[in-house]
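Asks: Next comes target.cif, mmCIF, C-alpha atoms:
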data_work
#
loop_
_atom_site.label_atom_id
_atom_site.label_comp_id
_atom_site.auth_asym_id
_atom_site.auth_seq_id
_atom_site.Cartn_x
_atom_site.Cartn_y
_atom_site.Cartn_z
CA MET A 405 10.69 15.08 18.78
CA GLN A 406 8.86 16.39 15.76
CA ALA A 407 7.39 14.23 12.99
CA GLY A 408 6.63 15.30 9.44
CA ILE A 409 4.27 13.56 7.02
CA ILE A 410 4.43 14.14 3.27
CA GLY A 411 1.15 13.07 1.69
CA LEU A 412 -2.00 13.50 3.77
CA GLY A 413 -4.40 11.03 2.20
CA LEU A 414 -5.73 7.79 3.66
CA ILE A 415 -2.37 6.43 4.86
CA GLY A 416 -0.67 9.69 5.80
CA GLY A 417 -3.75 11.12 7.47
CA SER A 418 -4.47 7.93 9.41
CA LEU A 419 -0.83 7.83 10.47
CA GLY A 420 -1.06 11.38 11.79
CA LEU A 421 -4.07 10.50 13.93
CA ALA A 422 -2.46 7.30 15.22
CA LEU A 423 0.84 9.03 16.03
CA LYS A 424 -0.99 11.60 18.13
CA GLY A 425 -2.28 8.74 20.26
CA THR A 426 1.26 7.54 21.02
CA GLN A 427 2.33 10.95 22.39
CA MET A 428 5.83 10.27 21.03
CA PHE A 429 6.04 13.63 19.26
CA LYS A 430 5.61 17.17 20.50
CA SER A 431 4.09 18.08 17.14
CA ILE A 432 3.19 16.47 13.83
CA VAL A 433 3.47 18.66 10.74
CA GLY A 434 2.35 17.86 7.22
CA LEU A 435 2.81 18.65 3.56
CA ASP A 436 0.56 17.88 0.60
CA ASN A 437 0.83 19.25 -2.93
CA ASN A 438 -2.96 19.54 -3.07
CA PRO A 439 -3.91 22.68 -1.09
CA ILE A 440 -7.47 21.42 -0.61
CA HIS A 441 -6.17 18.18 0.92
CA LEU A 442 -3.86 20.13 3.19
CA GLN A 443 -6.73 22.31 4.41
CA GLN A 444 -8.90 19.24 4.98
CA ALA A 445 -6.10 17.56 6.91
CA LEU A 446 -5.75 20.61 9.16
CA SER A 447 -9.51 20.90 9.68
CA LEU A 448 -9.74 17.21 10.60
CA GLY A 449 -6.79 17.43 12.98
CA LEU A 450 -4.70 14.91 11.06
CA VAL A 451 -1.63 17.10 11.55
CA ASP A 452 -0.92 20.14 13.71
CA GLU A 453 0.45 22.42 11.02
CA GLY A 454 1.08 22.62 7.29
CA VAL A 455 4.71 23.36 6.42
CA SER A 456 7.13 23.55 3.50
CA LEU A 457 9.46 20.79 2.38
CA GLU A 458 12.43 22.62 3.87
CA GLU A 459 10.66 22.69 7.24
CA ILE A 460 9.78 19.01 6.92
CA LYS A 461 13.48 18.26 6.40
CA CYS A 462 14.16 19.64 9.89
CA CYS A 463 11.94 17.01 11.54
CA ASP A 464 13.36 14.10 13.53
CA VAL A 465 11.20 11.59 11.66
CA ILE A 466 9.84 12.04 8.13
CA PHE A 467 7.14 9.79 6.69
CA LEU A 468 6.58 9.55 2.94
CA ALA A 469 2.93 8.66 2.33
CA THR A 470 2.49 9.80 -1.27
CA PRO A 471 1.86 7.61 -4.33
CA VAL A 472 4.98 5.60 -5.11
CA GLU A 473 5.99 7.58 -8.20
CA ALA A 474 5.92 10.77 -6.11
CA ILE A 475 8.21 9.08 -3.57
CA LEU A 476 10.81 8.58 -6.32
CA HIS A 477 10.66 12.28 -7.17
CA LEU A 478 10.98 13.24 -3.50
CA LEU A 479 14.11 11.20 -2.78
CA PRO A 480 16.74 13.63 -4.15
CA GLU A 481 14.94 16.52 -2.44
CA LEU A 482 15.63 14.96 0.95
CA VAL A 483 19.40 15.11 0.67
CA GLY A 484 20.76 17.44 3.35
CA ILE A 485 18.74 16.19 6.33
CA ALA A 486 20.38 15.87 9.74
CA PRO A 487 22.39 12.65 10.37
CA HIS A 488 20.01 11.56 13.15
CA CYS A 489 16.88 11.97 11.02
CA THR A 490 14.80 8.89 10.17
CA ILE A 491 12.93 8.76 6.86
CA ILE A 492 10.24 6.08 6.55
CA ASP A 493 8.52 5.53 3.23
CA LEU A 494 5.14 3.81 3.26
CA GLY A 495 4.88 2.88 -0.41
CA SER A 496 3.17 -0.27 -1.69
CA THR A 497 6.25 -1.19 -3.74
CA LYS A 498 9.70 -1.45 -2.27
CA HIS A 499 12.55 -2.57 -4.54
CA LEU A 500 12.63 0.36 -6.99
CA ILE A 501 12.30 2.83 -4.14
CA ALA A 502 15.04 1.10 -2.13
CA THR A 503 17.45 1.12 -5.06
CA SER A 504 16.69 4.75 -5.92
CA ILE A 505 17.59 6.26 -2.52
CA PRO A 506 20.57 8.63 -2.80
CA SER A 507 23.64 7.17 -1.08
CA GLU A 508 23.96 10.26 1.11
CA ILE A 509 20.72 9.43 2.94
CA ARG A 510 20.57 5.63 2.62
CA LYS A 511 21.39 5.11 6.31
CA ASN A 512 18.61 7.53 7.24
CA PHE A 513 16.07 5.52 5.31
CA VAL A 514 13.76 2.71 6.44
CA CYS A 515 11.58 1.17 3.72
CA ALA A 516 8.16 0.11 5.06
CA HIS A 517 4.78 -1.02 3.79
CA PRO A 518 1.71 -1.08 6.05
CA MET A 519 -0.54 -3.95 4.96
CA SER A 520 -3.75 -2.05 5.58
CA GLY A 521 -6.01 0.20 3.60
CA THR A 522 -9.51 0.76 2.28
CA GLU A 523 -11.01 1.52 -1.12
CA ASN A 524 -11.39 5.19 -0.08
CA PHE A 525 -8.70 7.84 -0.46
CA GLY A 526 -7.97 11.42 0.51
CA PRO A 527 -7.83 13.09 3.95
CA LYS A 528 -11.53 12.54 4.61
CA ALA A 529 -10.97 8.78 4.38
CA ALA A 530 -8.41 8.78 7.21
CA PHE A 531 -9.17 7.18 10.57
CA LYS A 532 -6.91 6.38 13.52
CA GLU A 533 -7.71 2.63 13.58
CA LEU A 534 -6.37 2.00 10.05
CA LEU A 535 -2.83 1.02 11.08
CA PRO A 536 -2.95 -0.47 14.61
CA ASN A 537 -3.09 -4.28 14.77
CA HIS A 538 -2.05 -4.63 11.13
CA ILE A 539 1.19 -5.90 9.60
CA ILE A 540 4.01 -3.52 8.71
CA VAL A 541 6.69 -4.92 6.41
CA LEU A 542 10.21 -3.52 6.84
CA THR A 543 12.63 -4.28 4.00
CA ASP A 544 16.39 -4.24 3.45
CA LEU A 545 17.07 -3.22 7.04
CA GLU A 546 20.76 -4.12 6.73
CA GLN A 547 21.17 -0.99 4.60
CA SER A 548 19.56 1.30 7.20
CA GLY A 549 21.31 2.88 10.17
CA GLU A 550 20.97 1.24 13.59
CA LEU A 551 19.46 4.42 15.06
CA GLN A 552 16.92 4.64 12.24
CA VAL A 553 15.93 0.97 12.50
CA ALA A 554 15.49 1.29 16.25
CA MET A 555 13.39 4.43 15.80
CA ALA A 556 11.15 2.83 13.16
CA LYS A 557 10.60 -0.25 15.31
CA GLU A 558 9.78 1.88 18.35
CA ILE A 559 7.21 3.84 16.36
CA PHE A 560 5.49 0.80 14.88
CA VAL A 561 5.45 -1.03 18.21
CA ALA A 562 3.86 2.07 19.75
CA LEU A 563 1.28 1.93 16.95
CA LYS A 564 0.61 -1.73 17.88
CA MET A 565 1.61 -2.94 14.45
CA HIS A 566 3.03 -6.41 13.74
CA ILE A 567 6.52 -6.14 12.22
CA ILE A 568 7.66 -8.51 9.45
CA LYS A 569 11.14 -8.18 7.93
CA MET A 570 12.17 -9.27 4.42
CA ASP A 571 14.16 -8.12 1.40
CA SER A 572 12.50 -5.73 -1.03
CA LYS A 573 12.43 -8.18 -3.96
CA SER A 574 10.58 -10.79 -1.90
CA HIS A 575 8.18 -8.11 -0.70
CA ASP A 576 7.33 -7.05 -4.25
CA ASN A 577 6.78 -10.66 -5.29
CA HIS A 578 4.51 -11.42 -2.34
CA ALA A 579 2.65 -8.11 -2.53
CA ALA A 580 1.92 -8.70 -6.21
CA PHE A 581 -0.12 -11.78 -5.31
CA ILE A 582 -1.94 -10.61 -2.19
CA SER A 583 -2.41 -6.90 -2.95
CA HIS A 584 -1.58 -5.77 -6.47
CA LEU A 585 -3.17 -8.67 -8.39
CA PRO A 586 -6.48 -8.44 -6.47
CA HIS A 587 -6.75 -4.77 -7.41
CA ILE A 588 -6.16 -5.51 -11.10
CA ILE A 589 -8.77 -8.30 -10.96
CA SER A 590 -11.27 -6.01 -9.24
CA TYR A 591 -10.81 -3.28 -11.86
CA ALA A 592 -11.14 -5.91 -14.60
CA LEU A 593 -14.38 -7.29 -13.16
CA ALA A 594 -15.86 -3.80 -12.84
CA ASN A 595 -14.93 -2.94 -16.43
CA THR A 596 -16.28 -6.28 -17.67
CA VAL A 597 -19.73 -5.42 -16.34
CA LEU A 598 -19.52 -1.80 -17.48
CA SER A 599 -18.69 -2.96 -21.02
CA GLN A 600 -21.93 -4.93 -21.34
CA GLN A 601 -24.89 -3.58 -23.28
CA ASN A 602 -27.07 -2.99 -20.21
CA PRO A 603 -24.74 -2.63 -17.20
CA THR A 604 -27.41 -0.88 -15.14
CA ASP A 605 -29.75 -3.85 -15.50
CA ILE A 606 -26.96 -6.24 -14.50
CA LEU A 607 -25.97 -4.16 -11.48
CA ALA A 608 -29.57 -4.11 -10.29
CA LEU A 609 -29.02 -7.77 -9.34
CA ALA A 610 -25.69 -7.16 -7.57
CA GLY A 611 -25.43 -8.78 -4.16
CA GLY A 612 -22.76 -9.18 -1.52
CA GLY A 613 -20.43 -11.39 -3.56
CA PHE A 614 -20.13 -8.98 -6.47
CA LYS A 615 -19.89 -5.93 -4.21
CA SER A 616 -17.11 -7.57 -2.19
CA MET A 617 -15.11 -8.34 -5.32
CA VAL A 618 -15.40 -4.87 -6.87
CA ARG A 619 -15.05 -2.89 -3.63
CA ILE A 620 -11.38 -2.16 -4.19
CA ALA A 621 -12.05 -1.06 -7.79
CA LYS A 622 -13.06 2.20 -6.10
CA SER A 623 -9.42 2.71 -5.04
CA SER A 624 -7.28 5.57 -6.35
CA PRO A 625 -6.45 4.98 -10.05
CA ARG A 626 -3.34 7.13 -9.75
CA MET A 627 -2.01 5.13 -6.82
CA TRP A 628 -2.57 1.75 -8.44
CA SER A 629 -1.32 2.72 -11.89
CA ASP A 630 1.86 3.93 -10.15
CA VAL A 631 2.12 0.62 -8.28
CA SER A 632 1.66 -1.29 -11.54
CA LYS A 633 4.39 0.77 -13.18
CA GLN A 634 6.88 0.16 -10.37
CA ASN A 635 6.09 -3.54 -9.83
CA ARG A 636 5.38 -4.38 -13.47
CA GLU A 637 7.37 -7.61 -13.72
CA GLU A 638 5.99 -9.17 -10.53
CA ILE A 639 2.43 -8.18 -11.37
CA LEU A 640 2.77 -9.72 -14.83
CA LYS A 641 4.01 -12.96 -13.24
CA SER A 642 1.02 -13.01 -10.88
CA LEU A 643 -1.36 -12.30 -13.78
CA ASP A 644 0.14 -15.24 -15.70
CA CYS A 645 -0.57 -17.51 -12.73
CA PHE A 646 -4.10 -16.18 -12.40
CA GLU A 647 -4.80 -16.53 -16.12
CA ALA A 648 -3.64 -20.15 -15.96
CA GLU A 649 -6.10 -20.90 -13.16
CA LEU A 650 -8.88 -19.07 -14.99
CA ALA A 651 -8.15 -20.97 -18.20
CA PHE A 652 -8.18 -24.26 -16.28
CA ALA A 653 -11.58 -23.46 -14.76
CA LYS A 654 -12.88 -22.42 -18.19
CA SER A 655 -11.74 -25.73 -19.69
CA LEU A 656 -13.47 -27.74 -16.96
CA ILE A 657 -16.72 -25.89 -17.61
CA GLN A 658 -16.40 -26.23 -21.38
CA GLU A 659 -15.76 -29.96 -21.08
CA LYS A 660 -18.53 -30.40 -18.47
CA LYS A 661 -16.10 -31.89 -15.94
CA TRP A 662 -18.24 -31.01 -12.95
CA GLN A 663 -16.52 -33.31 -10.46
CA ALA A 664 -13.12 -31.90 -11.38
CA LEU A 665 -14.53 -28.37 -11.09
CA GLU A 666 -15.82 -29.15 -7.60
CA GLU A 667 -12.41 -30.54 -6.61
CA TRP A 668 -10.75 -27.37 -7.96
CA MET A 669 -13.10 -25.25 -5.84
CA THR A 670 -12.50 -27.49 -2.80
CA LYS A 671 -8.77 -26.91 -3.16
CA ALA A 672 -9.45 -23.15 -3.04
CA ASN A 673 -11.40 -23.67 0.21
CA SER A 674 -8.19 -24.91 1.87
CA LEU A 675 -6.70 -21.41 1.61
CA TYR A 676 -8.62 -20.48 4.74
CA GLU A 677 -6.82 -23.15 6.75
CA VAL A 678 -3.72 -20.97 6.52
CA PHE A 679 -5.32 -17.96 8.23
#
Any chance you could put this one into structure tokens?
Replies:
Amino acid sequence: MQAGIIGLGLIGGSLGLALKGTQMFKSIVGLDNNPIHLQQALSLGLVDEGVSLEEIKCCDVIFLATPVEAILHLLPELVGIAPHCTIIDLGSTKHLIATSIPSEIRKNFVCAHPMSGTENFGPKAAFKELLPNHIIVLTDLEQSGELQVAMAKEIFVALKMHIIKMDSKSHDNHAAFISHLPHIISYALANTVLSQQNPTDILALAGGGFKSMVRIAKSSPRMWSDVSKQNREEILKSLDCFEAELAFAKSLIQEKKWQALEEWMTKANSLYEVF
């Protein structure tokens, strides 16, 4: 079989490296609209060859690893693939993508989201350990063909990923809280410090706690603005919940309710009992 990857950044590039380790495909070809990224991907051995979209459409398995808005633009271009072909999108949002797939290729399509990543992006950020041993969420599988579902599962098992199945609306709700909201908060914290009169002086004191919280503010602005656009309603709901907690903490501090503040913090400690 031959695999094609559209989008050769952190996710697509790491996927290419990991797929090579499975030896499931005789070759892995790639496409990226940034010629520099494509050249980097070839130099780093992320894919075997750079090809056109028409050549990608001849592959047995096609992975979409672009920002989520680009995935929407790609969908109509994929009409005309072979009936046996499996298309797997790896976007961070799922419902809008799932409901935008042309009916002609809906059975070919498996919607997936790997719950892994780093704050770095681009081909140079790719590494083969990014995906193995992480969760992969597969959504709306009842709308995908049996052959395509079986193929996707075989690939992700070979990559040693942990498969979770759910509907795309539930995915977008859950992802808003554990992925999308943290990125918005991290960007907000970074901009809060940068907006102060002497941010350099403040950052001179930065330790592990601050650096951990703003690490993901280094992530691709294009990617996360696209995610915010596609999952707007769920992100707004999660922000409302966060703002309520923040307002509650602020009120406890204003009113000098230190015991209640400690109890609120203790409740947060219990989160780690779930993991």
Asks: Give me the residues within 8 Å of Ala445 (chain A) as a ChimeraX atom specification, counting all atoms listed in the file and dropping any in the same chain fewer than 3 places off.
Replies: /A:412,417,441-442,448-451,527-528
Asks: Which residue out of A:Met565, A:Leu675, A:Thr490, A:Leu650 has the minimum interatomic distance to Glu550 (chain A) when all atoms listed in the file are used?
Replies: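 Closest to Glu550 (chain A) of all the choices is A:Thr490.
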Asks: How many Å lie between CA of Gln547 (chain A) and CA of Arg510 (chain A), rounded to one decimal?
Replies: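 Computed distance, CA of Gln547 (chain A) to CA of Arg510 (chain A), equals 6.9 Å.
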Asks: Taking all atoms listed in the file into account, produce a table as CSV in which each residue of region 435-547 of chain A with an atom at most 12 Å from an atom of region 604-626 of chain A appears once, together with its shortest atom pair and the distance in Å to one decimal, ordered by chain and rising number.
Replies:
residue,atom,partner,partner_atom,distance
A:Thr470,CA,A:Arg626,CA,10.6
A:Pro471,CA,A:Arg626,CA,7.5
A:Val472,CA,A:Arg626,CA,9.6
A:Glu473,CA,A:Arg626,CA,9.5
A:Ala474,CA,A:Arg626,CA,10.6
A:Gly521,CA,A:Ser623,CA,9.6
A:Thr522,CA,A:Ile620,CA,7.3
A:Glu523,CA,A:Ser623,CA,4.4
A:Asn524,CA,A:Ser623,CA,5.9
A:Phe525,CA,A:Ser624,CA,6.5
A:Gly526,CA,A:Ser624,CA,9.0
A:Ala529,CA,A:Ser623,CA,11.3
Asks: With C-alpha atoms retained, write the just-selected residues as a PDB file, keeping the file's coordinate frame.
Replies:
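Generated output (out_6.pdb):
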ATOM      1  CA  THR A 470       2.490   9.800  -1.270  1.00  0.00           C
ATOM      2  CA  PRO A 471       1.860   7.610  -4.330  1.00  0.00           C
ATOM      3  CA  VAL A 472       4.980   5.600  -5.110  1.00  0.00           C
ATOM      4  CA  GLU A 473       5.990   7.580  -8.200  1.00  0.00           C
ATOM      5  CA  ALA A 474       5.920  10.770  -6.110  1.00  0.00           C
ATOM      6  CA  GLY A 521      -6.010   0.200   3.600  1.00  0.00           C
ATOM      7  CA  THR A 522      -9.510   0.760   2.280  1.00  0.00           C
ATOM      8  CA  GLU A 523     -11.010   1.520  -1.120  1.00  0.00           C
ATOM      9  CA  ASN A 524     -11.390   5.190  -0.080  1.00  0.00           C
ATOM     10  CA  PHE A 525      -8.700   7.840  -0.460  1.00  0.00           C
ATOM     11  CA  GLY A 526      -7.970  11.420   0.510  1.00  0.00           C
ATOM     12  CA  ALA A 529     -10.970   8.780   4.380  1.00  0.00           C
TER      13      ALA A 529
END
Asks: Rounded to one decimal place, report the CA of Val455 (chain A)-CA of Ala502 (chain A) distance in Å.
Replies: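 CA of Ala502 (chain A) lies 26.0 Å from CA of Val455 (chain A).
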Asks: For CA of His499 (chain A) and CA of Glu481 (chain A), quote the distance in Å rounded to one decimal.
Replies: 19.4 Å
Asks: Identify, on the basis of all atoms listed in the file, every residue whose closest approach to Thr426 (chain A) does not exceed 9 Å; exclude the query and any residue fewer than 4 positions from it along the same chain; express the result as a list in words.
Replies: Ala422, Ile559, Ala562 and Leu563 of chain A
Asks: Report the residues retrieved by the PyMOL selection byres ((chain A and resi 452) around 6) from the displayed file, expressed as a list in words.
Replies: Ile432, Val433, Val451 and Glu453 of chain A
Asks: In terms of the shortest atom-to-atom distance over all atoms listed in the file, which of A:Cys462, A:Ile539, A:Leu643, A:Met570 is closest to Ile588 (chain A)?
Replies: A:Leu643
Asks: If we count all atoms listed in the file, what is near Met519 (chain A) at a cut-off of 12 Å, once residues fewer than 4 positions away on the same chain are taken out, given as number ranges by chain?
Replies: A: 415, 494-497, 534-542, 565-568, 575, 578-579, 582-584
Asks: For region 418-433 of chain A, what centre and edge lengths in Å (one decimal) does the axis-aligned box get once 4 Å is added on each side of all its listed atoms, as AutoDock Vina command-line options?
Replies:
--center_x 0.8 --center_y 13.0 --center_z 15.9 --size_x 18.5 --size_y 19.4 --size_z 21.0
Asks: Excluding same-chain residues fewer than 2 positions from Phe646 (chain A), what lies within 12 Å of it counting all atoms listed in the file, as a list of chain:residue names?
Replies: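 Selected residues are A:Ala580, A:Phe581, A:Ile582, A:Leu585, A:Pro586, A:Ile588, A:Ile589, A:Ile639, A:Leu640, A:Lys641, A:Ser642, A:Leu643, A:Asp644, A:Ala648, A:Glu649, A:Leu650, A:Ala651, A:Phe652, A:Ala653.
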Asks: Take the residues that were just selected and, keeping C-alpha atoms, output them as an mmCIF file, in the frame of the given file.
Replies:
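And here's out-v1.cif as it stands now:
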data_model
loop_
_atom_site.group_PDB
_atom_site.id
_atom_site.type_symbol
_atom_site.label_atom_id
_atom_site.label_comp_id
_atom_site.auth_asym_id
_atom_site.auth_seq_id
_atom_site.Cartn_x
_atom_site.Cartn_y
_atom_site.Cartn_z
ATOM 1 C CA ALA A 580 1.920 -8.700 -6.210
ATOM 2 C CA PHE A 581 -0.120 -11.780 -5.310
ATOM 3 C CA ILE A 582 -1.940 -10.610 -2.190
ATOM 4 C CA LEU A 585 -3.170 -8.670 -8.390
ATOM 5 C CA PRO A 586 -6.480 -8.440 -6.470
ATOM 6 C CA ILE A 588 -6.160 -5.510 -11.100
ATOM 7 C CA ILE A 589 -8.770 -8.300 -10.960
ATOM 8 C CA ILE A 639 2.430 -8.180 -11.370
ATOM 9 C CA LEU A 640 2.770 -9.720 -14.830
ATOM 10 C CA LYS A 641 4.010 -12.960 -13.240
ATOM 11 C CA SER A 642 1.020 -13.010 -10.880
ATOM 12 C CA LEU A 643 -1.360 -12.300 -13.780
ATOM 13 C CA ASP A 644 0.140 -15.240 -15.700
ATOM 14 C CA ALA A 648 -3.640 -20.150 -15.960
ATOM 15 C CA GLU A 649 -6.100 -20.900 -13.160
ATOM 16 C CA LEU A 650 -8.880 -19.070 -14.990
ATOM 17 C CA ALA A 651 -8.150 -20.970 -18.200
ATOM 18 C CA PHE A 652 -8.180 -24.260 -16.280
ATOM 19 C CA ALA A 653 -11.580 -23.460 -14.760
#
Asks: Which of these, A:Val597, A:Asp464, A:Leu500, A:Ile485, has the shortest distance to Ala556 (chain A) once you count all atoms listed in the file?
Replies: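 Comparing A:Val597, A:Asp464, A:Leu500, A:Ile485 against Ala556 (chain A), the winner is A:Asp464.
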Asks: Working from the structure I just supplied, which lacks atoms in region 559-577 of chain A, can you model N, CA and C atoms there and output them as a compact mmCIF listing (two decimals), in the frame of the given file?
Replies:
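Listed below is the output, selection31.txt:
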# COMPACT_ATOMS: atom_id res chain seq x y z
N ILE A 559 8.44 3.20 16.82
CA ILE A 559 7.21 3.84 16.36
C ILE A 559 6.13 2.81 16.04
N PHE A 560 6.51 1.77 15.31
CA PHE A 560 5.49 0.80 14.88
C PHE A 560 5.02 -0.09 16.03
N VAL A 561 5.89 -0.33 16.99
CA VAL A 561 5.45 -1.03 18.21
C VAL A 561 4.46 -0.16 18.97
N ALA A 562 4.77 1.14 19.07
CA ALA A 562 3.86 2.07 19.75
C ALA A 562 2.51 2.13 19.05
N LEU A 563 2.53 1.93 17.72
CA LEU A 563 1.28 1.93 16.95
C LEU A 563 0.57 0.58 16.99
N LYS A 564 1.17 -0.37 17.73
CA LYS A 564 0.61 -1.73 17.88
C LYS A 564 0.52 -2.46 16.54
N MET A 565 1.54 -2.24 15.72
CA MET A 565 1.61 -2.94 14.45
C MET A 565 2.50 -4.17 14.58
N HIS A 566 2.28 -5.16 13.71
CA HIS A 566 3.03 -6.41 13.74
C HIS A 566 4.13 -6.34 12.68
N ILE A 567 5.38 -6.35 13.12
CA ILE A 567 6.52 -6.14 12.22
C ILE A 567 6.95 -7.45 11.56
N ILE A 568 7.09 -7.41 10.23
CA ILE A 568 7.66 -8.51 9.45
C ILE A 568 8.83 -7.94 8.65
N LYS A 569 9.95 -8.65 8.64
CA LYS A 569 11.14 -8.18 7.93
C LYS A 569 11.42 -9.08 6.73
N MET A 570 11.78 -8.50 5.60
CA MET A 570 12.17 -9.27 4.42
C MET A 570 12.92 -8.36 3.46
N ASP A 571 13.49 -8.94 2.41
CA ASP A 571 14.16 -8.12 1.40
C ASP A 571 13.11 -7.55 0.45
N SER A 572 13.47 -6.48 -0.21
CA SER A 572 12.50 -5.73 -1.03
C SER A 572 12.02 -6.53 -2.24
N LYS A 573 12.88 -7.37 -2.82
CA LYS A 573 12.43 -8.18 -3.96
C LYS A 573 11.36 -9.19 -3.54
N SER A 574 11.59 -9.84 -2.40
CA SER A 574 10.58 -10.79 -1.90
C SER A 574 9.28 -10.06 -1.59
N HIS A 575 9.38 -8.88 -1.00
CA HIS A 575 8.18 -8.11 -0.70
C HIS A 575 7.38 -7.86 -1.97
N ASP A 576 8.05 -7.40 -3.03
CA ASP A 576 7.33 -7.05 -4.25
C ASP A 576 6.69 -8.27 -4.90
N ASN A 577 7.36 -9.42 -4.79
CA ASN A 577 6.78 -10.66 -5.29
C ASN A 577 5.53 -11.04 -4.51
